[in-house]
Amino acid sequence: MSANPARGEAALRIAGAALVLRPSFAALVAAEEELGPLFALVERAAARELRLSELVALFWHCLAERPEGLTREGFGEALAAQGLATLTPPLKLLLGQILGGR
C-alpha cells in the first residue's frame, strides 16, 4: 500500500515497513477523544509545544493498516528512534488535513 496525497495520506517507514497515515474522519475522532480538541493540537504544534506522546497518538490513530504484532509502545519507540526531523513531513501533512479538510 502506498500513500495517496490526493486523499491526504502520508507515507511513513518503520523498521523497513512502508506504512500509510490516513486522516479519516474516524481516525481523527479517535485521536481527538484521546488528545482533546484537534485545533488545540495544531496550535501546540505551531508553537513547537507538541509532545512526542501526542505525535505518536495522532500517527497511531491515523495508521491505515497496522502490521501484525505492532504494538503502540513499539510504534512509539520506532518513531522516537527515527528522530523528529524524519517525522516532520508526515506530521505537517496530517496537520494540514486537520485544518483544511479534503
# chains A, B, ... in the order shown; residues from 1 in each chain; ligands from 1

call {"tool": "residues_around", "arguments": {"residues": "Leu41 in chain A", "least_positions_apart": "2", "cutoff": "10 Å", "atoms": "only C-alpha atoms", "output": "CSV table (one decimal) with N, CA and C atoms, in the first residue's frame"}}
result
chain,number,residue,atom,x,y,z
A,32,GLU,N,-8.9,12.7,18.6
A,32,GLU,CA,-9.5,13.8,19.4
A,32,GLU,C,-10.0,13.3,20.7
A,35,LEU,N,-6.7,13.0,22.7
A,35,LEU,CA,-5.8,14.1,22.8
A,35,LEU,C,-6.5,15.4,23.1
A,36,GLY,N,-7.8,15.5,23.0
A,36,GLY,CA,-8.5,16.7,23.2
A,36,GLY,C,-8.7,17.4,21.8
A,37,PRO,N,-9.2,18.6,21.8
A,37,PRO,CA,-9.5,19.3,20.5
A,37,PRO,C,-8.4,19.3,19.5
A,38,LEU,N,-8.7,19.0,18.3
A,38,LEU,CA,-7.6,18.9,17.3
A,38,LEU,C,-7.1,20.3,17.0
A,39,PHE,N,-7.9,21.3,17.1
A,39,PHE,CA,-7.4,22.7,16.8
A,39,PHE,C,-6.3,23.1,17.9
A,43,GLU,N,-2.4,24.1,17.3
A,43,GLU,CA,-1.8,25.3,17.9
A,43,GLU,C,-0.6,24.9,18.7
A,44,ARG,N,-0.6,23.8,19.4
A,44,ARG,CA,0.6,23.3,20.2
A,44,ARG,C,1.7,23.0,19.2
A,45,ALA,N,1.4,22.4,18.1
A,45,ALA,CA,2.4,22.0,17.1
A,45,ALA,C,3.0,23.3,16.5
A,46,ALA,N,2.1,24.3,16.2
A,46,ALA,CA,2.6,25.6,15.6
A,46,ALA,C,3.5,26.3,16.6
A,47,ALA,N,3.2,26.2,17.9
A,47,ALA,CA,4.0,26.8,18.9
A,47,ALA,C,5.2,26.0,19.3
A,49,GLU,N,5.2,23.1,20.7
A,49,GLU,CA,4.9,22.5,22.1
A,49,GLU,C,4.3,21.2,22.0
A,50,LEU,N,4.2,20.6,20.8
A,50,LEU,CA,3.6,19.3,20.6
A,50,LEU,C,4.5,18.2,21.3
A,51,ARG,N,3.9,17.4,22.1
A,51,ARG,CA,4.7,16.3,22.8
A,51,ARG,C,4.8,15.1,21.9
A,54,GLU,N,1.9,12.9,22.0
A,54,GLU,CA,0.8,13.4,21.1
A,54,GLU,C,1.0,13.0,19.7
A,55,LEU,N,2.2,13.2,19.2
A,55,LEU,CA,2.5,12.8,17.8
A,55,LEU,C,2.3,11.3,17.6
A,58,LEU,N,-1.5,10.6,17.5
A,58,LEU,CA,-2.0,11.0,16.2
A,58,LEU,C,-1.7,10.0,15.1
A,95,LEU,N,-1.5,17.6,9.8
A,95,LEU,CA,-2.0,18.9,10.4
A,95,LEU,C,-2.7,19.7,9.4
A,98,ILE,N,-6.1,18.3,8.9
A,98,ILE,CA,-6.9,18.7,10.0
A,98,ILE,C,-7.5,20.1,9.8

call {"tool": "residues_around", "arguments": {"residues": "Leu70 in chain A", "least_positions_apart": "5", "cutoff": "12 Å", "atoms": "only C-alpha atoms", "output": "VMD selection string"}}
result
chain A and resid 14 to 15 17 19 60 63 65 75 to 78

call {"tool": "write_last_selection", "arguments": {"atoms": "N, CA, C and O atoms", "output": "short mmCIF file (atom, residue, chain, number, x, y, z; two decimals), in the first residue's frame"}}
result
data_model
loop_
_atom_site.label_atom_id
_atom_site.label_comp_id
_atom_site.auth_asym_id
_atom_site.auth_seq_id
_atom_site.Cartn_x
_atom_site.Cartn_y
_atom_site.Cartn_z
N ILE A 14 8.67 2.46 8.98
CA ILE A 14 9.01 2.00 10.33
C ILE A 14 9.66 0.63 10.21
O ILE A 14 9.04 -0.30 9.68
N ALA A 15 10.88 0.52 10.67
CA ALA A 15 11.61 -0.76 10.67
C ALA A 15 11.55 -1.42 9.29
O ALA A 15 11.30 -2.62 9.18
N ALA A 17 9.28 -1.21 7.06
CA ALA A 17 7.93 -1.39 6.55
C ALA A 17 7.35 -0.04 6.15
O ALA A 17 7.45 0.94 6.88
N LEU A 19 4.38 2.30 5.80
CA LEU A 19 3.06 2.45 6.40
C LEU A 19 2.38 3.69 5.81
O LEU A 19 3.06 4.61 5.34
N TRP A 60 -0.69 6.92 15.41
CA TRP A 60 -1.26 5.61 15.70
C TRP A 60 -2.71 5.53 15.22
O TRP A 60 -3.11 4.57 14.57
N LEU A 63 -3.01 5.39 11.34
CA LEU A 63 -2.47 4.27 10.57
C LEU A 63 -3.58 3.60 9.78
O LEU A 63 -4.59 3.16 10.36
N GLU A 65 -3.35 0.77 8.12
CA GLU A 65 -3.27 -0.64 8.50
C GLU A 65 -2.13 -0.80 9.48
O GLU A 65 -1.08 -0.19 9.31
N PHE A 75 5.58 0.97 18.28
CA PHE A 75 5.42 2.02 17.27
C PHE A 75 6.05 3.32 17.76
O PHE A 75 6.80 3.97 17.05
N GLY A 76 5.76 3.68 19.01
CA GLY A 76 6.34 4.90 19.59
C GLY A 76 7.85 4.84 19.66
O GLY A 76 8.53 5.82 19.35
N GLU A 77 8.37 3.69 20.06
CA GLU A 77 9.83 3.52 20.13
C GLU A 77 10.46 3.68 18.75
O GLU A 77 11.50 4.32 18.59
N ALA A 78 9.82 3.11 17.74
CA ALA A 78 10.34 3.20 16.37
C ALA A 78 10.30 4.64 15.86
O ALA A 78 11.23 5.09 15.19
#

call {"tool": "residues_around", "arguments": {"residues": "Ala26 in chain A", "least_positions_apart": "3", "cutoff": "12 Å", "atoms": "only C-alpha atoms", "output": "PDB file with N, CA, C and O atoms, in the first residue's frame"}}
result
ATOM      1  N   ARG A  22      -3.540   7.742   7.241  1.00  0.00           N
ATOM      2  CA  ARG A  22      -4.752   8.210   6.571  1.00  0.00           C
ATOM      3  C   ARG A  22      -5.617   8.953   7.594  1.00  0.00           C
ATOM      4  O   ARG A  22      -6.200   8.341   8.480  1.00  0.00           O
ATOM      5  N   PRO A  23      -5.723  10.266   7.453  1.00  0.00           N
ATOM      6  CA  PRO A  23      -6.509  11.038   8.416  1.00  0.00           C
ATOM      7  C   PRO A  23      -8.007  10.979   8.113  1.00  0.00           C
ATOM      8  O   PRO A  23      -8.640  11.978   7.779  1.00  0.00           O
ATOM      9  N   VAL A  29     -11.430  11.452  14.865  1.00  0.00           N
ATOM     10  CA  VAL A  29     -12.311  11.434  16.036  1.00  0.00           C
ATOM     11  C   VAL A  29     -11.648  10.653  17.168  1.00  0.00           C
ATOM     12  O   VAL A  29     -11.654  11.092  18.319  1.00  0.00           O
ATOM     13  N   ALA A  30     -11.052   9.515  16.842  1.00  0.00           N
ATOM     14  CA  ALA A  30     -10.363   8.716  17.865  1.00  0.00           C
ATOM     15  C   ALA A  30      -9.193   9.491  18.462  1.00  0.00           C
ATOM     16  O   ALA A  30      -8.983   9.476  19.681  1.00  0.00           O
ATOM     17  N   ALA A  31      -8.440  10.180  17.616  1.00  0.00           N
ATOM     18  CA  ALA A  31      -7.317  10.988  18.110  1.00  0.00           C
ATOM     19  C   ALA A  31      -7.824  12.109  19.011  1.00  0.00           C
ATOM     20  O   ALA A  31      -7.246  12.380  20.070  1.00  0.00           O
ATOM     21  N   GLU A  32      -8.904  12.738  18.601  1.00  0.00           N
ATOM     22  CA  GLU A  32      -9.461  13.834  19.394  1.00  0.00           C
ATOM     23  C   GLU A  32      -9.982  13.340  20.746  1.00  0.00           C
ATOM     24  O   GLU A  32      -9.836  14.021  21.763  1.00  0.00           O
ATOM     25  N   GLU A  33     -10.580  12.144  20.756  1.00  0.00           N
ATOM     26  CA  GLU A  33     -11.057  11.570  22.019  1.00  0.00           C
ATOM     27  C   GLU A  33      -9.907  11.397  23.008  1.00  0.00           C
ATOM     28  O   GLU A  33     -10.063  11.615  24.194  1.00  0.00           O
ATOM     29  N   LEU A  58      -1.457  10.583  17.506  1.00  0.00           N
ATOM     30  CA  LEU A  58      -2.049  11.009  16.243  1.00  0.00           C
ATOM     31  C   LEU A  58      -1.683  10.035  15.127  1.00  0.00           C
ATOM     32  O   LEU A  58      -2.555   9.579  14.377  1.00  0.00           O
ATOM     33  N   HIS A  61      -3.477   6.540  15.546  1.00  0.00           N
ATOM     34  CA  HIS A  61      -4.885   6.540  15.153  1.00  0.00           C
ATOM     35  C   HIS A  61      -5.050   6.672  13.641  1.00  0.00           C
ATOM     36  O   HIS A  61      -6.036   6.180  13.085  1.00  0.00           O
ATOM     37  N   CYS A  62      -4.097   7.308  12.989  1.00  0.00           N
ATOM     38  CA  CYS A  62      -4.194   7.524  11.543  1.00  0.00           C
ATOM     39  C   CYS A  62      -3.572   6.401  10.712  1.00  0.00           C
ATOM     40  O   CYS A  62      -3.636   6.456   9.477  1.00  0.00           O
ATOM     41  N   LEU A  63      -3.012   5.390  11.341  1.00  0.00           N
ATOM     42  CA  LEU A  63      -2.466   4.270  10.571  1.00  0.00           C
ATOM     43  C   LEU A  63      -3.583   3.604   9.784  1.00  0.00           C
ATOM     44  O   LEU A  63      -4.588   3.165  10.359  1.00  0.00           O
ATOM     45  N   ALA A  64      -3.414   3.523   8.472  1.00  0.00           N
ATOM     46  CA  ALA A  64      -4.424   2.887   7.629  1.00  0.00           C
ATOM     47  C   ALA A  64      -4.509   1.393   7.933  1.00  0.00           C
ATOM     48  O   ALA A  64      -5.594   0.815   7.981  1.00  0.00           O
TER      49      ALA A  64
END

call {"tool": "residues_around", "arguments": {"residues": "range 83-90 of chain A", "least_positions_apart": "6", "cutoff": "8 Å", "atoms": "only C-alpha atoms", "output": "ChimeraX atom specification"}}
result
/A:10-12,21

call {"tool": "write_last_selection", "arguments": {"atoms": "C-alpha atoms", "output": "PDB file, in the first residue's frame"}}
result
ATOM      1  CA  ALA A  10       1.246  10.427   4.228  1.00  0.00           C
ATOM      2  CA  ALA A  11       3.908   7.759   3.930  1.00  0.00           C
ATOM      3  CA  LEU A  12       5.878   6.581   6.921  1.00  0.00           C
ATOM      4  CA  LEU A  21      -1.150   7.517   7.598  1.00  0.00           C
TER       5      LEU A  21
END

call {"tool": "decode", "arguments": {"residues": "range 30-47 of chain A", "atoms": "N, CA, C and O atoms", "output": "PDB file, in the first residue's frame"}}
result
ATOM      1  N   ALA A  30     -11.052   9.515  16.842  1.00  0.00           N
ATOM      2  CA  ALA A  30     -10.363   8.716  17.865  1.00  0.00           C
ATOM      3  C   ALA A  30      -9.193   9.491  18.462  1.00  0.00           C
ATOM      4  O   ALA A  30      -8.983   9.476  19.681  1.00  0.00           O
ATOM      5  N   ALA A  31      -8.440  10.180  17.616  1.00  0.00           N
ATOM      6  CA  ALA A  31      -7.317  10.988  18.110  1.00  0.00           C
ATOM      7  C   ALA A  31      -7.824  12.109  19.011  1.00  0.00           C
ATOM      8  O   ALA A  31      -7.246  12.380  20.070  1.00  0.00           O
ATOM      9  N   GLU A  32      -8.904  12.738  18.601  1.00  0.00           N
ATOM     10  CA  GLU A  32      -9.461  13.834  19.394  1.00  0.00           C
ATOM     11  C   GLU A  32      -9.982  13.340  20.746  1.00  0.00           C
ATOM     12  O   GLU A  32      -9.836  14.021  21.763  1.00  0.00           O
ATOM     13  N   GLU A  33     -10.580  12.144  20.756  1.00  0.00           N
ATOM     14  CA  GLU A  33     -11.057  11.570  22.019  1.00  0.00           C
ATOM     15  C   GLU A  33      -9.907  11.397  23.008  1.00  0.00           C
ATOM     16  O   GLU A  33     -10.063  11.615  24.194  1.00  0.00           O
ATOM     17  N   GLU A  34      -8.754  11.035  22.495  1.00  0.00           N
ATOM     18  CA  GLU A  34      -7.600  10.812  23.357  1.00  0.00           C
ATOM     19  C   GLU A  34      -6.847  12.094  23.687  1.00  0.00           C
ATOM     20  O   GLU A  34      -6.401  12.292  24.813  1.00  0.00           O
ATOM     21  N   LEU A  35      -6.690  12.968  22.691  1.00  0.00           N
ATOM     22  CA  LEU A  35      -5.799  14.123  22.823  1.00  0.00           C
ATOM     23  C   LEU A  35      -6.499  15.440  23.126  1.00  0.00           C
ATOM     24  O   LEU A  35      -5.841  16.424  23.419  1.00  0.00           O
ATOM     25  N   GLY A  36      -7.802  15.470  23.006  1.00  0.00           N
ATOM     26  CA  GLY A  36      -8.516  16.724  23.171  1.00  0.00           C
ATOM     27  C   GLY A  36      -8.718  17.371  21.804  1.00  0.00           C
ATOM     28  O   GLY A  36      -8.419  16.769  20.769  1.00  0.00           O
ATOM     29  N   PRO A  37      -9.214  18.598  21.787  1.00  0.00           N
ATOM     30  CA  PRO A  37      -9.543  19.263  20.529  1.00  0.00           C
ATOM     31  C   PRO A  37      -8.371  19.312  19.548  1.00  0.00           C
ATOM     32  O   PRO A  37      -7.240  19.641  19.921  1.00  0.00           O
ATOM     33  N   LEU A  38      -8.661  18.969  18.307  1.00  0.00           N
ATOM     34  CA  LEU A  38      -7.610  18.935  17.289  1.00  0.00           C
ATOM     35  C   LEU A  38      -7.053  20.317  16.988  1.00  0.00           C
ATOM     36  O   LEU A  38      -5.879  20.456  16.662  1.00  0.00           O
ATOM     37  N   PHE A  39      -7.888  21.349  17.083  1.00  0.00           N
ATOM     38  CA  PHE A  39      -7.373  22.702  16.841  1.00  0.00           C
ATOM     39  C   PHE A  39      -6.329  23.076  17.896  1.00  0.00           C
ATOM     40  O   PHE A  39      -5.330  23.722  17.589  1.00  0.00           O
ATOM     41  N   ALA A  40      -6.539  22.646  19.130  1.00  0.00           N
ATOM     42  CA  ALA A  40      -5.544  22.888  20.183  1.00  0.00           C
ATOM     43  C   ALA A  40      -4.258  22.113  19.882  1.00  0.00           C
ATOM     44  O   ALA A  40      -3.156  22.623  20.124  1.00  0.00           O
ATOM     45  N   LEU A  41      -4.400  20.918  19.336  1.00  0.00           N
ATOM     46  CA  LEU A  41      -3.228  20.128  18.939  1.00  0.00           C
ATOM     47  C   LEU A  41      -2.431  20.860  17.861  1.00  0.00           C
ATOM     48  O   LEU A  41      -1.209  20.959  17.940  1.00  0.00           O
ATOM     49  N   VAL A  42      -3.133  21.404  16.880  1.00  0.00           N
ATOM     50  CA  VAL A  42      -2.479  22.161  15.814  1.00  0.00           C
ATOM     51  C   VAL A  42      -1.783  23.393  16.388  1.00  0.00           C
ATOM     52  O   VAL A  42      -0.651  23.711  16.008  1.00  0.00           O
ATOM     53  N   GLU A  43      -2.438  24.075  17.313  1.00  0.00           N
ATOM     54  CA  GLU A  43      -1.834  25.256  17.939  1.00  0.00           C
ATOM     55  C   GLU A  43      -0.566  24.889  18.708  1.00  0.00           C
ATOM     56  O   GLU A  43       0.425  25.606  18.653  1.00  0.00           O
ATOM     57  N   ARG A  44      -0.603  23.758  19.433  1.00  0.00           N
ATOM     58  CA  ARG A  44       0.597  23.322  20.153  1.00  0.00           C
ATOM     59  C   ARG A  44       1.720  22.996  19.171  1.00  0.00           C
ATOM     60  O   ARG A  44       2.885  23.321  19.420  1.00  0.00           O
ATOM     61  N   ALA A  45       1.379  22.368  18.088  1.00  0.00           N
ATOM     62  CA  ALA A  45       2.390  22.046  17.078  1.00  0.00           C
ATOM     63  C   ALA A  45       2.986  23.325  16.489  1.00  0.00           C
ATOM     64  O   ALA A  45       4.200  23.430  16.319  1.00  0.00           O
ATOM     65  N   ALA A  46       2.146  24.302  16.195  1.00  0.00           N
ATOM     66  CA  ALA A  46       2.621  25.567  15.626  1.00  0.00           C
ATOM     67  C   ALA A  46       3.520  26.306  16.612  1.00  0.00           C
ATOM     68  O   ALA A  46       4.474  26.978  16.200  1.00  0.00           O
ATOM     69  N   ALA A  47       3.237  26.160  17.896  1.00  0.00           N
ATOM     70  CA  ALA A  47       4.037  26.813  18.932  1.00  0.00           C
ATOM     71  C   ALA A  47       5.239  25.963  19.345  1.00  0.00           C
ATOM     72  O   ALA A  47       5.941  26.301  20.293  1.00  0.00           O
TER      73      ALA A  47
END
